[in-house]
Amino acid sequence: MRFFKGIVQGVREVNRRYSKPGIEMTKGVKAALLMLRIYLLVLIGVLVVKFILTVAGK
Amino acid sequence: MQAQMTTPTRVKSRMGFSSRLYYFFRRFGKWIGIFLSVAGPGIIVMVADNDAGGITTYTATGAQYGNHLLWFLILLGPVAYFVQEMTVRLGAVTKRGHAEAIFSSFGRFWGWFSLLDLVLTDWLTMITEFVGMTAAMSIFGIPPLLTVIGCWLIMGAMITSGRYWTWEKITLVFCVLNLIYIPTAFMVHPAVSDLFKGLIPHFPPGGFTNTLFFLLMANIGTTIAPWMLFFQQSSVVDKSMKEKDIRFGKVDTAIGSALTVIVAVVLIIVCGKLLYGQDIQDAAAASRAIMPQSSIIGTIIAIGLFDAGLLGAVCISLASSWAFGEIFGWAHSLNTKIREAPWFYAYYVFDLALAGTVVLIPGAPLVLITLFVQVIATTLLPAALVFLIILLNDKKTMGIHANTPWLNAANITIVFVIIITSTLYAVSTIFPNLF
């Protein structure tokens with residue numbers, strides 16, 4: 001129990017320490033991060049579709 | 001006045017040829033000495049890049065297309081160099097690992113995404129390394145259980161010295177062993193004219209087919225893996241490399257890239273000569289298929305496969321351990337003893353134990369895992385590469401070591417191509433009949 005509490009505390013500490021991005025968010029950086037989010041959403045969407053098709057196929 | 005005029009230039013101009021030669025070799029020897037003390041992370045990460053999955057890809061490429069894709073493999077050398085060289089600069093300047101750099105620069109969302117994705121990708125890749133090692137040793141009749149236990153003992157022993165330097169030198173010995181493949185290229189007596197033809201960019205007979213596309217993507221995917229970025233940067237930090245060591249780090253990385261390409265080319269030549277036209281699914285099968293023709297070459301491929309898996313497993317598990325230690329603030333250096341950094345070593349051992357255990361489970365879906373690894377890696381690789389480019393363009397942090405316009409042009413092109421190809425590879429793995 002103490003072990004898991006320690007992990008939760010550690011995660012909270014990490015979240016607190018890195019709550020704000022340290023890099024200067026120029027237009028280029030923001031555009032790159034936005035494109036990355038869209039890319040990942042599409043990729044994960046593809047994986048979800050495949051999972052559904054596979055399960056439906058069974 | 002006379003004394004002031006005796007500058008080094010004047011002294012040099014008075015030196016004879018033999019004296020100049022002496023000073024040249026003395027300076028060169030000093031340069032070599034400094035280089036040897038700094039070299040390590042680049043050579044290790046690149047040679048470890050030829051892991052079990054990489055060896056399998058090269059043997060399949062050679063068996064399928066002979067020497068026709070030599071030019072492509074050689075092109076991948078500079079690609080790997082340009083990407084990995086960025087981690088040397090980033091690590092030496094910021095003194096932070098890649099995971100910590102992502103957290104502190106991009107915040108907790110991207111930080112957790114990168115860290116958890118890295119852990120999952122690394123663990124799955126480690127399973128494939130153990131698959132390769134057990135498959136290699138089974139050729140010699142060694143059961144998987146013994147292989148796994150032996151690997152655990154070797155990998156555990158490598159990190160118990162409490163000194164990064166010791167671990168690095170032991171790992172470099174395994175890297176040298178990885179070059180065991182090289183003599184085999186001479187033993188098969190390839191036709192020189194075929195080799196030269198293979199260096200000219202062209203499509204193999206049959207043209208651009210689905211199989212060719214898949215294999216090209218697999219080769220790209222095996223050249224740049226996410227764990228390599230995290231490993232080399234953390235290794236540079238643990239080695240306490242400074243900004244003045246960056247040029248030696250670049251040479252270290254360049255040599256590593258060359259070695260990667262050499263091993264890839266050798267395996268393609270050997271399998272192209274001995275297994276051309278055969279359907280080879282993995283390196284262990286290649287070794288078995290070659291044994292009747294040449295037991296020496298078959299044995300070398302099996303030993304090399306084991307070594308490749310071992311190197312890959314060591315580096316990948318360290319990449320994850322370092323990443324966790326950086327983020328959670330644990331002591332996370334190979335320069336610490338086990339009792340000084342218990343969580344760092346505990347994670348390393350846990351990672352190895354879990355991956356090795358999965359391989360021993362009867363009926364474990366190892367083929368599925370091998371396919372899945374590439375798909376999962378594709379979710380992390382683009383993010384890690386994009387973050388790398390952004391961080392290397394942060395002039396406030398990187399100063400004179402930030403990317404120049406020329407480096408940006410090269411790196412952005414490479415990153416763009418890698419993202420597209422690795423995505424197509426992942427999609428073609430998920431939907432095999434799509435292309």
# chains A, B, ... in the order shown; residues from 1 in each chain; ligands from 1

$ select_by_dssp --residues "range 127-239 of chain B" --states "helix (DSSP H, G or I)" --output "ChimeraX atom specification"
/B:127-138,144-158,164-187,192-199,210-223,226-238

$ closest_atom_pairs --of "chain A" --to "chain B" --cutoff "10 Å" --atoms "only C-alpha atoms" --output "tab-separated table"
residue	atom	partner	partner_atom	distance
A:Ile7	CA	B:Phe328	CA	9.3
A:Gly10	CA	B:Phe328	CA	6.4
A:Val11	CA	B:Phe328	CA	7.7
A:Glu13	CA	B:Phe328	CA	8.3
A:Val14	CA	B:Phe328	CA	6.6
A:Asn15	CA	B:Arg108	CA	6.0
A:Arg16	CA	B:Arg108	CA	8.7
A:Arg17	CA	B:Ser104	CA	8.3
A:Tyr18	CA	B:Gly107	CA	5.3
A:Ser19	CA	B:Gly107	CA	5.8
A:Lys20	CA	B:Gly107	CA	5.3
A:Pro21	CA	B:Gly107	CA	4.2
A:Gly22	CA	B:Ser105	CA	4.3
A:Ile23	CA	B:Ser105	CA	4.7
A:Glu24	CA	B:Asp394	CA	8.2
A:Met25	CA	B:Phe106	CA	9.1
A:Gly28	CA	B:Ile390	CA	8.9
A:Val29	CA	B:Ile390	CA	6.9
A:Ala32	CA	B:Val386	CA	7.5
A:Leu33	CA	B:Val386	CA	8.3
A:Leu36	CA	B:Ala383	CA	6.6
A:Arg37	CA	B:Ala383	CA	9.0
A:Tyr39	CA	B:Thr379	CA	9.0
A:Leu40	CA	B:Thr379	CA	6.6
A:Leu41	CA	B:Thr379	CA	9.8
A:Leu43	CA	B:Thr379	CA	7.4
A:Ile44	CA	B:Thr379	CA	8.1
A:Val46	CA	B:Val427	CA	7.8
A:Leu47	CA	B:Ile430	CA	7.4
A:Val49	CA	B:Ile430	CA	9.8
A:Lys50	CA	B:Ile430	CA	6.8
A:Phe51	CA	B:Ile430	CA	9.3

$ residues_around --residues "Ile74 in chain B" --least-positions-apart "4" --cutoff "9 Å" --atoms "only C-alpha atoms" --output "VMD selection string"
chain B and resid 69 to 70 78 199 258 261 to 262 264 to 265

$ residues_around --residues "Gly312 in chain B" --least-positions-apart "4" --cutoff "6 Å" --atoms "only C-alpha atoms" --output "ChimeraX atom specification"
/B:48,51,316

$ write_last_selection --atoms "N, CA and C atoms" --output "PDB file, in the first residue's frame"
ATOM      1  N   ALA B  48      24.145  -1.627 -31.485  1.00  0.00           N
ATOM      2  CA  ALA B  48      22.970  -2.252 -30.856  1.00  0.00           C
ATOM      3  C   ALA B  48      21.726  -2.078 -31.729  1.00  0.00           C
ATOM      4  N   ASP B  51      19.936  -4.998 -33.887  1.00  0.00           N
ATOM      5  CA  ASP B  51      19.486  -5.957 -32.878  1.00  0.00           C
ATOM      6  C   ASP B  51      18.874  -7.175 -33.585  1.00  0.00           C
ATOM      7  N   ILE B 316      18.257  -1.241 -24.529  1.00  0.00           N
ATOM      8  CA  ILE B 316      16.853  -0.854 -24.454  1.00  0.00           C
ATOM      9  C   ILE B 316      16.395  -0.769 -23.000  1.00  0.00           C
TER      10      ILE B 316
END

$ residues_around --residues "Gly221 in chain B" --least-positions-apart "6" --cutoff "9 Å" --atoms "only C-alpha atoms" --output "CSV table (one decimal) with N, CA and C atoms, in the first residue's frame"
chain,number,residue,atom,x,y,z
B,54,GLY,N,16.7,-6.2,-36.4
B,54,GLY,CA,17.5,-5.7,-37.5
B,54,GLY,C,18.2,-6.8,-38.3
B,374,GLN,N,6.5,-2.7,-34.2
B,374,GLN,CA,6.7,-1.6,-35.2
B,374,GLN,C,5.6,-0.6,-35.2
B,377,ALA,N,5.9,1.5,-32.1
B,377,ALA,CA,7.1,2.4,-32.2
B,377,ALA,C,6.7,3.6,-33.1
B,378,THR,N,5.8,3.4,-34.0
B,378,THR,CA,5.4,4.5,-34.9
B,378,THR,C,4.6,5.5,-34.2
B,418,ILE,N,11.1,9.8,-42.6
B,418,ILE,CA,10.9,8.7,-41.6
B,418,ILE,C,9.5,8.6,-41.1
B,421,THR,N,7.3,7.1,-43.9
B,421,THR,CA,7.6,5.7,-44.2
B,421,THR,C,7.2,4.8,-43.0
B,422,SER,N,7.5,5.3,-41.8
B,422,SER,CA,7.2,4.4,-40.7
B,422,SER,C,5.6,4.4,-40.5
B,425,TYR,N,4.4,1.9,-43.0
B,425,TYR,CA,4.8,0.6,-42.6
B,425,TYR,C,3.8,0.1,-41.5

$ closest_residue --among "B:Pro143, B:Pro226, B:Gly29, B:Gly356" --to "Phe130 in chain B" --atoms "only C-alpha atoms"
B:Gly356

$ residues_around --residues "Trp165 in chain B" --least-positions-apart "5" --cutoff "9 Å" --atoms "only C-alpha atoms" --output "ChimeraX atom specification"
/B:170,239,334-335

$ decode --residues "range 346-385 of chain B" --atoms "N, CA and C atoms" --output "PDB file, in the first residue's frame"
ATOM      1  N   ALA B 346      16.502  -1.655 -10.006  1.00  0.00           N
ATOM      2  CA  ALA B 346      15.323  -2.523  -9.861  1.00  0.00           C
ATOM      3  C   ALA B 346      14.496  -2.498 -11.144  1.00  0.00           C
ATOM      4  N   TYR B 347      14.335  -1.319 -11.726  1.00  0.00           N
ATOM      5  CA  TYR B 347      13.555  -1.234 -12.960  1.00  0.00           C
ATOM      6  C   TYR B 347      14.253  -2.009 -14.075  1.00  0.00           C
ATOM      7  N   TYR B 348      15.559  -1.860 -14.157  1.00  0.00           N
ATOM      8  CA  TYR B 348      16.355  -2.558 -15.188  1.00  0.00           C
ATOM      9  C   TYR B 348      16.144  -4.072 -15.077  1.00  0.00           C
ATOM     10  N   VAL B 349      16.261  -4.581 -13.854  1.00  0.00           N
ATOM     11  CA  VAL B 349      16.114  -6.026 -13.632  1.00  0.00           C
ATOM     12  C   VAL B 349      14.670  -6.467 -13.909  1.00  0.00           C
ATOM     13  N   PHE B 350      13.717  -5.663 -13.455  1.00  0.00           N
ATOM     14  CA  PHE B 350      12.300  -5.986 -13.653  1.00  0.00           C
ATOM     15  C   PHE B 350      11.983  -6.077 -15.143  1.00  0.00           C
ATOM     16  N   ASP B 351      12.506  -5.116 -15.907  1.00  0.00           N
ATOM     17  CA  ASP B 351      12.292  -5.090 -17.353  1.00  0.00           C
ATOM     18  C   ASP B 351      12.810  -6.364 -18.017  1.00  0.00           C
ATOM     19  N   LEU B 352      14.040  -6.731 -17.657  1.00  0.00           N
ATOM     20  CA  LEU B 352      14.653  -7.929 -18.223  1.00  0.00           C
ATOM     21  C   LEU B 352      13.864  -9.179 -17.837  1.00  0.00           C
ATOM     22  N   ALA B 353      13.502  -9.241 -16.549  1.00  0.00           N
ATOM     23  CA  ALA B 353      12.822 -10.435 -16.025  1.00  0.00           C
ATOM     24  C   ALA B 353      11.470 -10.620 -16.729  1.00  0.00           C
ATOM     25  N   LEU B 354      10.743  -9.519 -16.873  1.00  0.00           N
ATOM     26  CA  LEU B 354       9.405  -9.601 -17.474  1.00  0.00           C
ATOM     27  C   LEU B 354       9.482 -10.023 -18.938  1.00  0.00           C
ATOM     28  N   ALA B 355      10.403  -9.412 -19.677  1.00  0.00           N
ATOM     29  CA  ALA B 355      10.527  -9.738 -21.106  1.00  0.00           C
ATOM     30  C   ALA B 355      10.976 -11.175 -21.295  1.00  0.00           C
ATOM     31  N   GLY B 356      11.951 -11.611 -20.504  1.00  0.00           N
ATOM     32  CA  GLY B 356      12.439 -12.981 -20.613  1.00  0.00           C
ATOM     33  C   GLY B 356      11.381 -14.004 -20.248  1.00  0.00           C
ATOM     34  N   THR B 357      10.568 -13.667 -19.255  1.00  0.00           N
ATOM     35  CA  THR B 357       9.521 -14.589 -18.796  1.00  0.00           C
ATOM     36  C   THR B 357       8.461 -14.784 -19.873  1.00  0.00           C
ATOM     37  N   VAL B 358       8.085 -13.698 -20.561  1.00  0.00           N
ATOM     38  CA  VAL B 358       7.055 -13.803 -21.608  1.00  0.00           C
ATOM     39  C   VAL B 358       7.484 -14.799 -22.678  1.00  0.00           C
ATOM     40  N   VAL B 359       8.769 -14.763 -23.030  1.00  0.00           N
ATOM     41  CA  VAL B 359       9.277 -15.648 -24.082  1.00  0.00           C
ATOM     42  C   VAL B 359       9.151 -17.113 -23.675  1.00  0.00           C
ATOM     43  N   LEU B 360       9.210 -17.361 -22.374  1.00  0.00           N
ATOM     44  CA  LEU B 360       9.159 -18.746 -21.887  1.00  0.00           C
ATOM     45  C   LEU B 360       7.737 -19.269 -21.745  1.00  0.00           C
ATOM     46  N   ILE B 361       6.748 -18.380 -21.862  1.00  0.00           N
ATOM     47  CA  ILE B 361       5.357 -18.830 -21.689  1.00  0.00           C
ATOM     48  C   ILE B 361       4.943 -19.629 -22.919  1.00  0.00           C
ATOM     49  N   PRO B 362       4.493 -20.862 -22.744  1.00  0.00           N
ATOM     50  CA  PRO B 362       4.079 -21.661 -23.909  1.00  0.00           C
ATOM     51  C   PRO B 362       2.890 -21.017 -24.597  1.00  0.00           C
ATOM     52  N   GLY B 363       2.966 -20.904 -25.913  1.00  0.00           N
ATOM     53  CA  GLY B 363       1.839 -20.325 -26.652  1.00  0.00           C
ATOM     54  C   GLY B 363       1.773 -18.816 -26.600  1.00  0.00           C
ATOM     55  N   ALA B 364       2.820 -18.164 -26.081  1.00  0.00           N
ATOM     56  CA  ALA B 364       2.813 -16.688 -26.064  1.00  0.00           C
ATOM     57  C   ALA B 364       2.793 -16.187 -27.513  1.00  0.00           C
ATOM     58  N   PRO B 365       2.006 -15.149 -27.794  1.00  0.00           N
ATOM     59  CA  PRO B 365       1.860 -14.683 -29.194  1.00  0.00           C
ATOM     60  C   PRO B 365       3.075 -13.884 -29.662  1.00  0.00           C
ATOM     61  N   LEU B 366       4.196 -14.581 -29.808  1.00  0.00           N
ATOM     62  CA  LEU B 366       5.452 -13.877 -30.074  1.00  0.00           C
ATOM     63  C   LEU B 366       5.462 -13.244 -31.470  1.00  0.00           C
ATOM     64  N   VAL B 367       4.858 -13.928 -32.444  1.00  0.00           N
ATOM     65  CA  VAL B 367       4.825 -13.370 -33.807  1.00  0.00           C
ATOM     66  C   VAL B 367       4.008 -12.075 -33.811  1.00  0.00           C
ATOM     67  N   LEU B 368       2.877 -12.123 -33.107  1.00  0.00           N
ATOM     68  CA  LEU B 368       2.025 -10.930 -33.019  1.00  0.00           C
ATOM     69  C   LEU B 368       2.781  -9.778 -32.351  1.00  0.00           C
ATOM     70  N   ILE B 369       3.510 -10.118 -31.303  1.00  0.00           N
ATOM     71  CA  ILE B 369       4.277  -9.087 -30.587  1.00  0.00           C
ATOM     72  C   ILE B 369       5.313  -8.468 -31.521  1.00  0.00           C
ATOM     73  N   THR B 370       5.991  -9.330 -32.297  1.00  0.00           N
ATOM     74  CA  THR B 370       7.025  -8.837 -33.217  1.00  0.00           C
ATOM     75  C   THR B 370       6.416  -7.866 -34.224  1.00  0.00           C
ATOM     76  N   LEU B 371       5.211  -8.183 -34.723  1.00  0.00           N
ATOM     77  CA  LEU B 371       4.554  -7.286 -35.671  1.00  0.00           C
ATOM     78  C   LEU B 371       4.088  -6.010 -34.985  1.00  0.00           C
ATOM     79  N   PHE B 372       3.597  -6.181 -33.764  1.00  0.00           N
ATOM     80  CA  PHE B 372       2.997  -5.073 -33.039  1.00  0.00           C
ATOM     81  C   PHE B 372       4.019  -4.012 -32.642  1.00  0.00           C
ATOM     82  N   VAL B 373       5.260  -4.470 -32.415  1.00  0.00           N
ATOM     83  CA  VAL B 373       6.312  -3.560 -31.960  1.00  0.00           C
ATOM     84  C   VAL B 373       6.473  -2.394 -32.920  1.00  0.00           C
ATOM     85  N   GLN B 374       6.497  -2.702 -34.203  1.00  0.00           N
ATOM     86  CA  GLN B 374       6.714  -1.642 -35.195  1.00  0.00           C
ATOM     87  C   GLN B 374       5.565  -0.647 -35.174  1.00  0.00           C
ATOM     88  N   VAL B 375       4.357  -1.172 -34.991  1.00  0.00           N
ATOM     89  CA  VAL B 375       3.186  -0.289 -34.967  1.00  0.00           C
ATOM     90  C   VAL B 375       3.256   0.653 -33.774  1.00  0.00           C
ATOM     91  N   ILE B 376       3.580   0.090 -32.618  1.00  0.00           N
ATOM     92  CA  ILE B 376       3.649   0.903 -31.401  1.00  0.00           C
ATOM     93  C   ILE B 376       4.786   1.917 -31.513  1.00  0.00           C
ATOM     94  N   ALA B 377       5.912   1.481 -32.075  1.00  0.00           N
ATOM     95  CA  ALA B 377       7.057   2.397 -32.206  1.00  0.00           C
ATOM     96  C   ALA B 377       6.687   3.596 -33.068  1.00  0.00           C
ATOM     97  N   THR B 378       5.790   3.374 -34.029  1.00  0.00           N
ATOM     98  CA  THR B 378       5.377   4.464 -34.911  1.00  0.00           C
ATOM     99  C   THR B 378       4.591   5.533 -34.171  1.00  0.00           C
ATOM    100  N   THR B 379       3.992   5.171 -33.042  1.00  0.00           N
ATOM    101  CA  THR B 379       3.267   6.202 -32.289  1.00  0.00           C
ATOM    102  C   THR B 379       4.243   7.095 -31.524  1.00  0.00           C
ATOM    103  N   LEU B 380       5.456   6.599 -31.282  1.00  0.00           N
ATOM    104  CA  LEU B 380       6.415   7.383 -30.498  1.00  0.00           C
ATOM    105  C   LEU B 380       7.452   8.060 -31.374  1.00  0.00           C
ATOM    106  N   LEU B 381       7.877   7.376 -32.429  1.00  0.00           N
ATOM    107  CA  LEU B 381       9.002   7.887 -33.208  1.00  0.00           C
ATOM    108  C   LEU B 381       8.769   9.291 -33.767  1.00  0.00           C
ATOM    109  N   PRO B 382       7.638   9.569 -34.422  1.00  0.00           N
ATOM    110  CA  PRO B 382       7.445  10.928 -34.947  1.00  0.00           C
ATOM    111  C   PRO B 382       7.510  11.989 -33.855  1.00  0.00           C
ATOM    112  N   ALA B 383       6.882  11.704 -32.706  1.00  0.00           N
ATOM    113  CA  ALA B 383       6.898  12.683 -31.615  1.00  0.00           C
ATOM    114  C   ALA B 383       8.326  12.922 -31.144  1.00  0.00           C
ATOM    115  N   ALA B 384       9.071  11.843 -30.916  1.00  0.00           N
ATOM    116  CA  ALA B 384      10.442  11.985 -30.423  1.00  0.00           C
ATOM    117  C   ALA B 384      11.301  12.768 -31.412  1.00  0.00           C
ATOM    118  N   LEU B 385      11.118  12.506 -32.709  1.00  0.00           N
ATOM    119  CA  LEU B 385      11.913  13.215 -33.721  1.00  0.00           C
ATOM    120  C   LEU B 385      11.527  14.687 -33.817  1.00  0.00           C
TER     121      LEU B 385
END
